[in-house]
$ cat model16.pdb   # PDB, C-alpha atoms and all ligand atoms
ATOM      1  CA  MET A 673      11.395   2.861  31.893
ATOM      2  CA  LYS A 674      14.020   3.286  34.629
ATOM      3  CA  LYS A 675      16.420   4.793  32.083
ATOM      4  CA  MET A 676      13.812   7.336  31.003
ATOM      5  CA  MET A 677      12.969   8.241  34.606
ATOM      6  CA  ASP A 678      16.653   8.661  35.471
ATOM      7  CA  ALA A 679      17.073  10.999  32.504
ATOM      8  CA  VAL A 680      14.108  13.107  33.617
ATOM      9  CA  MET A 681      15.291  13.146  37.232
ATOM     10  CA  GLN A 682      18.672  14.342  35.987
ATOM     11  CA  GLY A 683      16.926  17.052  33.997
ATOM     12  CA  LEU A 684      14.944  18.094  37.065
ATOM     13  CA  GLY A 685      18.158  18.299  39.043
ATOM     14  CA  LEU A 686      17.004  15.473  41.314
ATOM     15  CA  VAL A 687      20.065  13.402  40.472
ATOM     16  CA  ARG A 688      23.354  15.014  41.354
ATOM     17  CA  ALA A 689      26.250  14.869  38.935
ATOM     18  CA  LYS A 690      28.948  16.654  40.982
ATOM     19  CA  PRO A 691      29.433  17.537  44.662
ATOM     20  CA  PRO A 692      27.816  20.822  45.805
ATOM     21  CA  VAL A 693      29.839  24.011  46.072
ATOM     22  CA  GLN A 694      28.841  26.678  48.600
ATOM     23  CA  LEU A 695      29.793  29.980  46.990
ATOM     24  CA  GLY A 696      27.492  32.615  48.399
ATOM     25  CA  ASP A 697      24.881  33.687  50.921
ATOM     26  CA  ALA A 698      22.926  30.583  51.963
ATOM     27  CA  SER A 699      19.921  32.702  52.970
ATOM     28  CA  LEU A 700      19.431  34.132  49.470
ATOM     29  CA  PRO A 701      17.109  31.903  47.385
ATOM     30  CA  VAL A 702      18.397  33.029  43.978
ATOM     31  CA  LEU A 703      21.387  35.067  42.873
ATOM     32  CA  THR A 704      22.749  35.471  39.364
ATOM     33  CA  GLN A 705      26.145  36.995  38.648
ATOM     34  CA  GLY A 706      27.005  38.079  35.111
ATOM     35  CA  LEU A 707      24.671  35.368  33.817
ATOM     36  CA  THR A 708      24.888  35.195  30.041
ATOM     37  CA  LEU A 709      23.096  32.552  28.014
ATOM     38  CA  ARG A 710      23.423  32.017  24.311
ATOM     39  CA  TYR A 711      21.925  29.172  22.316
ATOM     40  CA  PRO A 712      24.245  27.372  19.874
ATOM     41  CA  GLY A 713      24.179  28.891  16.409
ATOM     42  CA  ARG A 714      22.634  32.173  17.641
ATOM     43  CA  GLN A 715      24.503  35.484  17.586
ATOM     44  CA  GLN A 716      22.287  37.167  20.137
ATOM     45  CA  SER A 717      22.480  36.332  23.858
ATOM     46  CA  VAL A 718      19.126  35.510  25.456
ATOM     47  CA  LEU A 719      20.454  36.565  28.861
ATOM     48  CA  ASP A 720      23.086  39.261  28.838
ATOM     49  CA  ASP A 721      25.340  39.742  31.873
ATOM     50  CA  LEU A 722      22.353  39.442  34.189
ATOM     51  CA  ASN A 723      22.973  40.392  37.818
ATOM     52  CA  TRP A 724      19.844  39.691  39.761
ATOM     53  CA  GLN A 725      18.522  38.350  43.007
ATOM     54  CA  LEU A 726      15.284  37.128  44.505
ATOM     55  CA  PRO A 727      14.680  38.323  48.031
ATOM     56  CA  ALA A 728      13.504  35.625  50.476
ATOM     57  CA  GLY A 729       9.799  35.443  51.275
ATOM     58  CA  GLN A 730       8.611  37.563  48.333
ATOM     59  CA  VAL A 731       6.306  36.746  45.449
ATOM     60  CA  VAL A 732       8.008  38.129  42.363
ATOM     61  CA  GLY A 733       6.178  38.259  39.047
ATOM     62  CA  LEU A 734       8.483  37.792  36.054
ATOM     63  CA  LEU A 735       7.229  39.702  33.032
ATOM     64  CA  GLY A 736       8.485  39.791  29.473
ATOM     65  CA  ARG A 737       7.216  39.461  25.941
ATOM     66  CA  ASN A 738       7.092  36.172  24.053
ATOM     67  CA  GLY A 739      10.659  35.106  23.431
ATOM     68  CA  ALA A 740      12.124  37.583  25.955
ATOM     69  CA  GLY A 741      13.885  34.707  27.721
ATOM     70  CA  LYS A 742      11.766  34.004  30.829
ATOM     71  CA  THR A 743      11.874  30.226  30.453
ATOM     72  CA  SER A 744      15.584  30.369  29.565
ATOM     73  CA  LEU A 745      16.232  32.431  32.699
ATOM     74  CA  ILE A 746      14.228  30.052  34.885
ATOM     75  CA  GLU A 747      15.995  27.014  33.450
ATOM     76  CA  ALA A 748      19.413  28.634  33.883
ATOM     77  CA  LEU A 749      18.774  29.659  37.451
ATOM     78  CA  LEU A 750      17.529  26.172  38.331
ATOM     79  CA  GLY A 751      20.691  24.670  36.849
ATOM     80  CA  LEU A 752      18.838  23.026  33.971
ATOM     81  CA  ARG A 753      20.818  25.016  31.390
ATOM     82  CA  ASP A 754      24.506  25.819  31.310
ATOM     83  CA  PRO A 755      25.272  29.541  31.138
ATOM     84  CA  TRP A 756      27.653  30.787  28.478
ATOM     85  CA  THR A 757      29.375  32.827  31.190
ATOM     86  CA  GLY A 758      28.520  33.883  34.731
ATOM     87  CA  ARG A 759      26.624  31.813  37.217
ATOM     88  CA  ALA A 760      23.401  31.189  39.077
ATOM     89  CA  LEU A 761      23.330  30.358  42.779
ATOM     90  CA  LEU A 762      20.527  28.707  44.733
ATOM     91  CA  TYR A 763      20.770  29.282  48.460
ATOM     92  CA  GLY A 764      24.442  30.057  47.878
ATOM     93  CA  GLN A 765      25.226  26.875  45.935
ATOM     94  CA  GLU A 766      26.106  26.612  42.262
ATOM     95  CA  ALA A 767      22.755  25.860  40.607
ATOM     96  CA  ARG A 768      24.040  22.807  38.730
ATOM     97  CA  GLN A 769      25.616  21.334  41.838
ATOM     98  CA  ILE A 770      23.121  21.835  44.635
ATOM     99  CA  ASP A 771      23.054  19.265  47.418
ATOM    100  CA  ASP A 772      20.038  17.218  48.509
ATOM    101  CA  VAL A 773      19.144  19.703  51.251
ATOM    102  CA  VAL A 774      18.837  22.622  48.830
ATOM    103  CA  ARG A 775      17.171  20.431  46.226
ATOM    104  CA  ALA A 776      14.450  19.520  48.708
ATOM    105  CA  ARG A 777      13.781  23.228  49.280
ATOM    106  CA  ILE A 778      12.838  23.877  45.642
ATOM    107  CA  GLY A 779       9.550  23.334  43.819
ATOM    108  CA  TYR A 780       9.168  23.882  40.082
ATOM    109  CA  VAL A 781       6.230  23.901  37.709
ATOM    110  CA  PRO A 782       7.684  23.924  34.170
ATOM    111  CA  GLN A 783       5.963  25.466  31.176
ATOM    112  CA  GLN A 784       6.017  22.129  29.335
ATOM    113  CA  SER A 785       4.649  19.125  31.180
ATOM    114  CA  ASP A 786       7.444  16.885  32.455
ATOM    115  CA  LEU A 787       5.186  14.232  34.004
ATOM    116  CA  PHE A 788       5.659  10.574  33.106
ATOM    117  CA  PRO A 789       2.685   9.823  30.840
ATOM    118  CA  GLN A 790       2.627   6.052  31.479
ATOM    119  CA  LEU A 791       2.233   6.446  35.241
ATOM    120  CA  THR A 792      -0.934   7.183  37.151
ATOM    121  CA  PRO A 793      -0.967  10.311  39.348
ATOM    122  CA  ARG A 794      -0.845   8.043  42.415
ATOM    123  CA  GLN A 795       2.288   6.239  41.123
ATOM    124  CA  LEU A 796       3.901   9.539  40.158
ATOM    125  CA  LEU A 797       3.343  11.133  43.562
ATOM    126  CA  ASN A 798       4.541   7.998  45.395
ATOM    127  CA  TYR A 799       7.661   8.044  43.262
ATOM    128  CA  PHE A 800       8.438  11.701  43.982
ATOM    129  CA  ARG A 801       7.651  11.309  47.687
ATOM    130  CA  SER A 802      10.701   9.072  48.055
ATOM    131  CA  PHE A 803      12.983  11.989  47.100
ATOM    132  CA  TYR A 804      11.774  14.453  49.704
ATOM    133  CA  PRO A 805      12.122  14.247  53.491
ATOM    134  CA  ARG A 806       9.247  16.728  53.877
ATOM    135  CA  TRP A 807       6.055  15.597  52.132
ATOM    136  CA  ASN A 808       2.633  16.894  53.111
ATOM    137  CA  THR A 809       0.339  13.919  52.458
ATOM    138  CA  ALA A 810      -2.723  15.719  53.825
ATOM    139  CA  LYS A 811      -2.164  18.618  51.414
ATOM    140  CA  VAL A 812      -1.615  16.250  48.479
ATOM    141  CA  GLU A 813      -4.753  14.250  49.216
ATOM    142  CA  GLY A 814      -6.787  17.425  49.819
ATOM    143  CA  LEU A 815      -5.722  18.950  46.495
ATOM    144  CA  MET A 816      -6.132  15.678  44.567
ATOM    145  CA  SER A 817      -9.702  15.461  45.745
ATOM    146  CA  ARG A 818     -10.547  19.189  45.502
ATOM    147  CA  TRP A 819      -9.087  19.428  42.000
ATOM    148  CA  ALA A 820     -10.737  16.133  40.992
ATOM    149  CA  ILE A 821      -7.606  14.427  39.649
ATOM    150  CA  PRO A 822      -8.348  10.805  38.709
ATOM    151  CA  ALA A 823      -5.637   9.114  40.779
ATOM    152  CA  GLU A 824      -5.679   5.742  39.022
ATOM    153  CA  GLN A 825      -5.934   6.816  35.366
ATOM    154  CA  THR A 826      -2.688   7.152  33.389
ATOM    155  CA  ILE A 827      -1.354  10.695  33.097
ATOM    156  CA  ALA A 828      -1.458  10.397  29.296
ATOM    157  CA  GLU A 829      -5.249  10.160  29.593
ATOM    158  CA  LEU A 830      -5.606  13.321  31.689
ATOM    159  CA  SER A 831      -6.627  16.622  30.121
ATOM    160  CA  GLY A 832      -4.043  19.419  29.765
ATOM    161  CA  GLY A 833      -5.589  21.269  32.707
ATOM    162  CA  GLN A 834      -5.616  18.139  34.892
ATOM    163  CA  GLN A 835      -1.955  17.519  34.053
ATOM    164  CA  GLN A 836      -1.133  21.100  34.963
ATOM    165  CA  ARG A 837      -2.958  20.755  38.279
ATOM    166  CA  LEU A 838      -1.017  17.559  38.982
ATOM    167  CA  SER A 839       2.229  19.329  38.194
ATOM    168  CA  ILE A 840       1.274  22.053  40.699
ATOM    169  CA  ILE A 841       0.417  19.456  43.363
ATOM    170  CA  ARG A 842       3.778  17.788  42.814
ATOM    171  CA  ALA A 843       5.570  21.130  43.216
ATOM    172  CA  LEU A 844       3.670  22.090  46.395
ATOM    173  CA  ALA A 845       3.718  18.642  48.042
ATOM    174  CA  HIS A 846       7.097  18.974  49.748
ATOM    175  CA  GLU A 847       6.363  22.534  50.952
ATOM    176  CA  PRO A 848       9.275  24.148  49.126
ATOM    177  CA  ASP A 849      10.973  27.293  50.387
ATOM    178  CA  LEU A 850      11.449  28.436  46.784
ATOM    179  CA  LEU A 851       8.685  27.871  44.272
ATOM    180  CA  VAL A 852       9.382  28.585  40.604
ATOM    181  CA  LEU A 853       6.339  28.747  38.357
ATOM    182  CA  ASP A 854       6.701  29.016  34.585
ATOM    183  CA  GLU A 855       3.251  29.832  33.213
ATOM    184  CA  PRO A 856       1.654  27.371  35.627
ATOM    185  CA  VAL A 857      -1.969  28.133  34.841
ATOM    186  CA  SER A 858      -2.063  28.503  31.050
ATOM    187  CA  SER A 859      -4.385  25.467  30.715
ATOM    188  CA  LEU A 860      -6.544  26.077  33.772
ATOM    189  CA  ASP A 861     -10.125  27.313  33.605
ATOM    190  CA  PRO A 862     -10.937  30.531  35.550
ATOM    191  CA  LEU A 863     -12.075  28.601  38.637
ATOM    192  CA  GLY A 864      -8.945  26.451  38.534
ATOM    193  CA  ARG A 865      -6.819  29.589  38.326
ATOM    194  CA  ARG A 866      -8.621  31.196  41.240
ATOM    195  CA  ASP A 867      -8.204  28.045  43.305
ATOM    196  CA  PHE A 868      -4.527  27.830  42.431
ATOM    197  CA  LEU A 869      -3.916  31.473  43.389
ATOM    198  CA  ARG A 870      -5.664  30.895  46.717
ATOM    199  CA  GLU A 871      -3.420  27.888  47.346
ATOM    200  CA  LEU A 872      -0.373  29.936  46.412
ATOM    201  CA  VAL A 873      -1.267  32.769  48.777
ATOM    202  CA  GLU A 874      -1.875  30.222  51.575
ATOM    203  CA  GLN A 875       1.504  28.631  50.909
ATOM    204  CA  VAL A 876       3.242  32.009  51.063
ATOM    205  CA  LEU A 877       1.438  33.111  54.222
ATOM    206  CA  ASP A 878       1.870  29.772  56.036
ATOM    207  CA  CYS A 879       5.433  28.974  55.024
ATOM    208  CA  GLY A 880       7.011  32.293  53.944
ATOM    209  CA  THR A 881       7.749  30.737  50.558
ATOM    210  CA  THR A 882       9.720  32.707  47.985
ATOM    211  CA  VAL A 883       7.884  32.552  44.671
ATOM    212  CA  LEU A 884       9.045  33.383  41.162
ATOM    213  CA  PHE A 885       5.944  33.487  39.011
ATOM    214  CA  SER A 886       6.169  33.891  35.240
ATOM    215  CA  THR A 887       2.846  34.500  33.552
ATOM    216  CA  HIS A 888       1.202  36.578  30.854
ATOM    217  CA  ILE A 889      -2.024  36.781  32.866
ATOM    218  CA  LEU A 890      -1.474  40.168  34.449
ATOM    219  CA  SER A 891      -4.649  40.056  36.544
ATOM    220  CA  ASP A 892      -3.255  36.962  38.310
ATOM    221  CA  LEU A 893      -0.048  38.783  39.093
ATOM    222  CA  GLU A 894      -1.977  41.782  40.400
ATOM    223  CA  ARG A 895      -3.648  39.442  42.886
ATOM    224  CA  VAL A 896      -0.528  37.772  44.245
ATOM    225  CA  ALA A 897       2.716  39.465  43.236
ATOM    226  CA  PHE A 898       4.350  41.791  45.705
ATOM    227  CA  GLN A 899       7.161  42.637  43.301
ATOM    228  CA  VAL A 900       7.336  42.649  39.532
ATOM    229  CA  ALA A 901      10.484  42.163  37.461
ATOM    230  CA  PHE A 902      10.571  43.173  33.796
ATOM    231  CA  LEU A 903      12.847  41.173  31.487
ATOM    232  CA  LYS A 904      13.962  42.910  28.321
ATOM    233  CA  GLU A 905      16.964  42.411  26.049
ATOM    234  CA  GLY A 906      18.467  39.828  28.356
ATOM    235  CA  ARG A 907      18.320  41.877  31.534
ATOM    236  CA  ILE A 908      15.920  42.772  34.320
ATOM    237  CA  GLY A 909      15.393  46.431  33.467
ATOM    238  CA  LEU A 910      13.314  47.152  36.539
ATOM    239  CA  GLN A 911      12.217  45.250  39.631
ATOM    240  CA  ALA A 912      10.042  46.950  42.224
ATOM    241  CA  PRO A 913       7.015  46.464  44.443
ATOM    242  CA  LEU A 914       3.959  46.608  42.195
ATOM    243  CA  ASP A 915       2.012  48.950  44.518
ATOM    244  CA  GLU A 916       4.886  51.424  44.550
ATOM    245  CA  LEU A 917       5.169  51.366  40.769
ATOM    246  CA  LEU A 918       1.457  51.928  40.243
ATOM    247  CA  GLU A 919       1.607  54.758  42.779
ATOM    248  CA  ALA A 920       4.707  56.422  41.286
ATOM    249  CA  CYS A 921       3.857  56.164  37.582
ATOM    250  CA  ARG A 922       1.515  58.379  35.580
ATOM    251  CA  TRP A 923       0.609  59.220  32.009
ATOM    252  CA  GLN A 924       1.330  62.894  31.396
ATOM    253  CA  ARG A 925       1.364  65.385  28.535
ATOM    254  CA  GLU A 926       3.325  68.133  30.296
ATOM    255  CA  PRO A 927       7.108  68.414  30.221
ATOM    256  CA  LEU A 928       8.888  65.960  32.515
ATOM    257  CA  PRO A 929       8.775  67.195  36.148
ATOM    258  CA  PRO A 930      12.236  67.596  37.729
ATOM    259  CA  GLY A 931      13.485  64.311  39.216
ATOM    260  CA  ALA A 932      10.930  62.183  37.356
ATOM    261  CA  ARG A 933      11.981  59.845  34.550
ATOM    262  CA  CYS A 934      10.267  59.009  31.308
ATOM    263  CA  LEU A 935       9.635  55.269  30.898
ATOM    264  CA  ALA A 936       7.943  55.465  27.492
ATOM    265  CA  GLN A 937       6.672  57.960  24.955
ATOM    266  CA  HIS A 938       3.286  57.294  23.316
ATOM    267  CA  GLY A 939       2.388  60.041  20.870
ATOM    268  CA  GLU A 940       1.938  63.160  22.970
ATOM    269  CA  ARG A 941       1.675  61.184  26.185
ATOM    270  CA  GLN A 942       4.596  59.985  28.220
ATOM    271  CA  LEU A 943       4.671  57.355  30.919
ATOM    272  CA  ILE A 944       6.649  58.850  33.757
ATOM    273  CA  GLN A 945       7.940  57.600  37.083
ATOM    274  CA  ALA A 946       8.138  60.098  39.927
ATOM    275  CA  ALA A 947      11.162  60.470  42.148
ATOM    276  CA  PRO A 948      10.591  59.044  45.672
ATOM    277  CA  GLY A 949       8.247  61.305  47.650
ATOM    278  CA  GLN A 950       7.366  63.410  44.607
ATOM    279  CA  GLY A 951       3.645  64.071  44.121
ATOM    280  CA  LEU A 952       2.368  63.568  40.565
ATOM    281  CA  GLU A 953      -0.471  64.790  38.440
ATOM    282  CA  GLY A 954      -1.740  62.785  35.516
ATOM    283  CA  GLU A 955      -3.627  59.671  34.564
ATOM    284  CA  ALA A 956      -3.076  56.511  36.623
ATOM    285  CA  VAL A 957      -1.303  53.616  34.891
ATOM    286  CA  THR A 958      -2.126  49.918  34.828
ATOM    287  CA  LEU A 959       0.178  46.915  34.970
ATOM    288  CA  GLU A 960      -0.551  46.485  31.258
ATOM    289  CA  ASP A 961       0.797  49.998  30.591
ATOM    290  CA  LEU A 962       3.963  49.111  32.522
ATOM    291  CA  PHE A 963       4.265  45.845  30.604
ATOM    292  CA  GLU A 964       4.043  47.716  27.325
ATOM    293  CA  ALA A 965       6.560  50.340  28.376
ATOM    294  CA  LEU A 966       9.086  48.143  30.119
ATOM    295  CA  THR A 967       9.225  44.927  28.087
TER     296      THR A 967
HETATM  297  N1  LIG A1001      16.493  25.214  22.820
HETATM  298  C1  LIG A1001      16.614  26.369  22.185
HETATM  299  N2  LIG A1001      17.466  26.505  21.142
HETATM  300  C2  LIG A1001      17.603  27.681  20.495
HETATM  301  N3  LIG A1001      16.927  28.793  20.807
HETATM  302  C3  LIG A1001      16.065  28.727  21.846
HETATM  303  C4  LIG A1001      15.856  27.521  22.570
HETATM  304  N4  LIG A1001      14.945  27.762  23.545
HETATM  305  C5  LIG A1001      14.592  29.049  23.421
HETATM  306  N5  LIG A1001      15.257  29.630  22.399
HETATM  307  C6  LIG A1001      15.163  31.030  21.972
HETATM  308  O1  LIG A1001      15.468  31.837  23.094
HETATM  309  C7  LIG A1001      14.611  32.967  23.134
HETATM  310  C8  LIG A1001      13.916  33.011  24.473
HETATM  311  O2  LIG A1001      13.023  31.904  24.576
HETATM  312  P1  LIG A1001      12.249  31.616  25.932
HETATM  313  O3  LIG A1001      11.436  30.386  25.729
HETATM  314  O4  LIG A1001      13.208  31.638  27.054
HETATM  315  O5  LIG A1001      11.304  32.913  26.022
HETATM  316  P2  LIG A1001      10.029  33.203  26.931
HETATM  317  O6  LIG A1001      10.184  34.601  27.440
HETATM  318  O7  LIG A1001       9.870  32.149  27.969
HETATM  319  O8  LIG A1001       8.858  33.143  25.858
HETATM  320  P3  LIG A1001       7.280  32.844  26.011
HETATM  321  O9  LIG A1001       6.675  34.016  26.737
HETATM  322  O10 LIG A1001       6.836  32.782  24.589
HETATM  323  O11 LIG A1001       7.129  31.531  26.754
HETATM  324  C9  LIG A1001      13.675  32.850  21.925
HETATM  325  O12 LIG A1001      14.200  33.658  20.909
HETATM  326  C10 LIG A1001      13.752  31.395  21.558
HETATM  327  O13 LIG A1001      13.595  31.236  20.158
END

$ encode --input "model16.pdb" --output "structure tokens" --more "lines below"
Ligand SMILES: Nc1ncnc2c1ncn2[C@@H]1O[C@H](COP(=O)(O)OP(=O)(O)OP(=O)(O)O)[C@@H](O)[C@H]1O
Amino acid sequence: MKKMMDAVMQGLGLVRAKPPVQLGDASLPVLTQGLTLRYPGRQQSVLDDLNWQLPAGQVVGLLGRNGAGKTSLIEALLGLRDPWTGRALLYGQEARQIDDVVRARIGYVPQQSDLFPQLTPRQLLNYFRSFYPRWNTAKVEGLMSRWAIPAEQTIAELSGGQQQRLSIIRALAHEPDLLVLDEPVSSLDPLGRRDFLRELVEQVLDCGTTVLFSTHILSDLERVAFQVAFLKEGRIGLQAPLDELLEACRWQREPLPPGARCLAQHGERQLIQAAPGQGLEGEAVTLEDLFEALT
């Protein structure tokens, strides 16, 4: 059992293999430089010379089609995957070699459950509590009761949605400064999702948390994401405040106005983005239109 737990802790980055290296700006939650990731035996890079950063205190929605590389990107930037070339920095430290201080500032809800199935939620949370100097017991107890998690039943016996809720509680419990969410609500019912989003907004407002939120549920992103980042062909093609994008983009049939750029052509219609300050005619676009055009 201990062996298995140690392996998972290593995977989560909770056990340090090498000393930390401070390479960059300690105030920047995430920075990637020339990050390229290629899986063994594959010709194509999943991430291709990706230069990207997450500004502190923002909720950034990460969008991309199935297989675009969102999970790969998240795992690489958390130091859970070795890049082919380039690097990922967390608060200025090499992602694979962060120290305990930086580690305690990060919360992560993975796409695949990484909870120990033989433990009860109570045992799991007690175990994780020992790794973090900051642990909000009142929040944990409040969420456990509000989300009706059976504390003394083994995790293997919980439903998929209950396991996902527990994973979210674990990630929020130590009030992280950076919260990385990889499809965190795919198993939650609509009320569970609403409750989770409320909790997320509270966390951001109370603590100024930086959030990277990967999801295919665009309506959830519309409710919480300040910025959206579109991942395509191994790179972030566009990252911008969602409000500004919805304001600046239109469907049009006319020739491209000077200064505007065409994001996609659909039959006779084109999705265009105005230059800053440029007024635009045409039909308003939705986040779904942007997803289709930019991913
Ligand atoms: N362990 C692996 N070995 C080889 N190829 C992999 C591995 N994990 C992912 N891939 C490939 O990398 C690409 C990106 O996968 P990834 O899971 O990062 O995409 P995603 O954007 O998160 O997809 P989804 O929206 O479906 O969750 C896919 O082509 C996938 O087949």

$ residues_around --input "model16.pdb" --residues "Leu890 of chain A" --least-positions-apart "4" --cutoff "9 Å" --atoms "all atoms listed in the file" --output "ChimeraX atom specification"
/A:735,894-895,959-960,963

$ write_last_selection --input "model16.pdb" --atoms "C-alpha atoms" --output "mmCIF file, in the frame of the given file"
data_model
loop_
_atom_site.group_PDB
_atom_site.id
_atom_site.type_symbol
_atom_site.label_atom_id
_atom_site.label_comp_id
_atom_site.auth_asym_id
_atom_site.auth_seq_id
_atom_site.Cartn_x
_atom_site.Cartn_y
_atom_site.Cartn_z
ATOM 1 C CA LEU A 735 7.229 39.702 33.032
ATOM 2 C CA GLU A 894 -1.977 41.782 40.400
ATOM 3 C CA ARG A 895 -3.648 39.442 42.886
ATOM 4 C CA LEU A 959 0.178 46.915 34.970
ATOM 5 C CA GLU A 960 -0.551 46.485 31.258
ATOM 6 C CA PHE A 963 4.265 45.845 30.604
#

$ residues_around --input "model16.pdb" --residues "Asp854 of chain A" --least-positions-apart "6" --cutoff "12 Å" --atoms "all atoms listed in the file" --output "list in words"
Gly733, Leu734, Leu735, Gly741, Lys742, Thr743, Ser744, Leu745, Ile746, Glu747, Leu750, Gly779, Tyr780, Val781, Pro782, Gln783, Gln784, Ser785, Gln836, Ser839, Ile840, Ala843, Val883, Leu884, Phe885, Ser886, Thr887, His888 and Ile889 of chain A

$ resolve_selection --input "model16.pdb" --expression "the PyMOL selection byres (((chain A and resi 946) around 6) and not hetatm)" --output "PDB file with C-alpha atoms, in the coordinates of the input"
ATOM      1  CA  ALA A 920       4.707  56.422  41.286  1.00  0.00           C
ATOM      2  CA  ALA A 932      10.930  62.183  37.356  1.00  0.00           C
ATOM      3  CA  GLN A 945       7.940  57.600  37.083  1.00  0.00           C
ATOM      4  CA  ALA A 947      11.162  60.470  42.148  1.00  0.00           C
ATOM      5  CA  GLN A 950       7.366  63.410  44.607  1.00  0.00           C
TER       6      GLN A 950
END

$ resolve_selection --input "model16.pdb" --expression "the PyMOL selection byres (((chain A and resi 724) around 10) and not hetatm)" --output "MDAnalysis selection string"
chainID A and resid 702:707 721:723 725:727 760 901 907:908 911

$ closest_residue --input "model16.pdb" --among "A:Thr826, A:Pro848, A:Thr708, A:Arg922" --to "Gln790 of chain A" --atoms "all atoms listed in the file"
A:Thr826

$ closest_residue --input "model16.pdb" --among "A:Arg753, A:Arg818, A:Arg806, A:Arg925" --to "Ala767 of chain A" --atoms "all atoms listed in the file"
A:Arg753

$ residues_around --input "model16.pdb" --residues "Trp819 of chain A" --least-positions-apart "5" --cutoff "9 Å" --atoms "all atoms listed in the file" --output "VMD selection string"
chain A and resid 814 834 837 to 838 864 867

$ resolve_selection --input "model16.pdb" --expression "the PyMOL selection byres (((chain A and resi 962) around 12) and not hetatm)" --output "ChimeraX atom specification"
/A:735-736,890,900-903,909-912,914,917-923,934-937,942-945,956-961,963-967

$ atom_distance --input "model16.pdb" --atom1 "atom CA of Phe800 of chain A" --atom2 "atom O3 of ligand LIG 1001 (chain A)"
26.3 Å

$ atom_distance --input "model16.pdb" --atom1 "atom CA of Val812 of chain A" --atom2 "atom CA of Ala897 of chain A"
24.2 Å

$ atom_distance --input "model16.pdb" --atom1 "atom P3 of ligand LIG 1001 (chain A)" --atom2 "atom CA of Gly906 of chain A"
13.4 Å

$ closest_residue --input "model16.pdb" --among "A:Asp786, A:Glu874, A:Asp771, A:Glu905" --to "ligand LIG 1001 (chain A)" --atoms "only C-alpha atoms and all ligand atoms"
A:Glu905

$ closest_residue --input "model16.pdb" --among "A:Val732, A:Met816, A:Leu853, A:Leu700" --to "ligand LIG 1001 (chain A)" --atoms "all atoms listed in the file"
A:Leu853

$ residues_around --input "model16.pdb" --residues "Asn808 of chain A" --least-positions-apart "6" --cutoff "9 Å" --atoms "only C-alpha atoms" --output "PyMOL selection string"
chain A and resi 844-847

$ write_last_selection --input "model16.pdb" --atoms "C-alpha atoms" --output "short mmCIF file (atom, residue, chain, number, x, y, z; two decimals), keeping the file's coordinate frame"
data_model
loop_
_atom_site.label_atom_id
_atom_site.label_comp_id
_atom_site.auth_asym_id
_atom_site.auth_seq_id
_atom_site.Cartn_x
_atom_site.Cartn_y
_atom_site.Cartn_z
CA LEU A 844 3.67 22.09 46.40
CA ALA A 845 3.72 18.64 48.04
CA HIS A 846 7.10 18.97 49.75
CA GLU A 847 6.36 22.53 50.95
#

$ closest_residue --input "model16.pdb" --among "A:Ala810, A:Gln795, A:His938, A:Pro701" --to "Val731 of chain A" --atoms "only C-alpha atoms"
A:Pro701
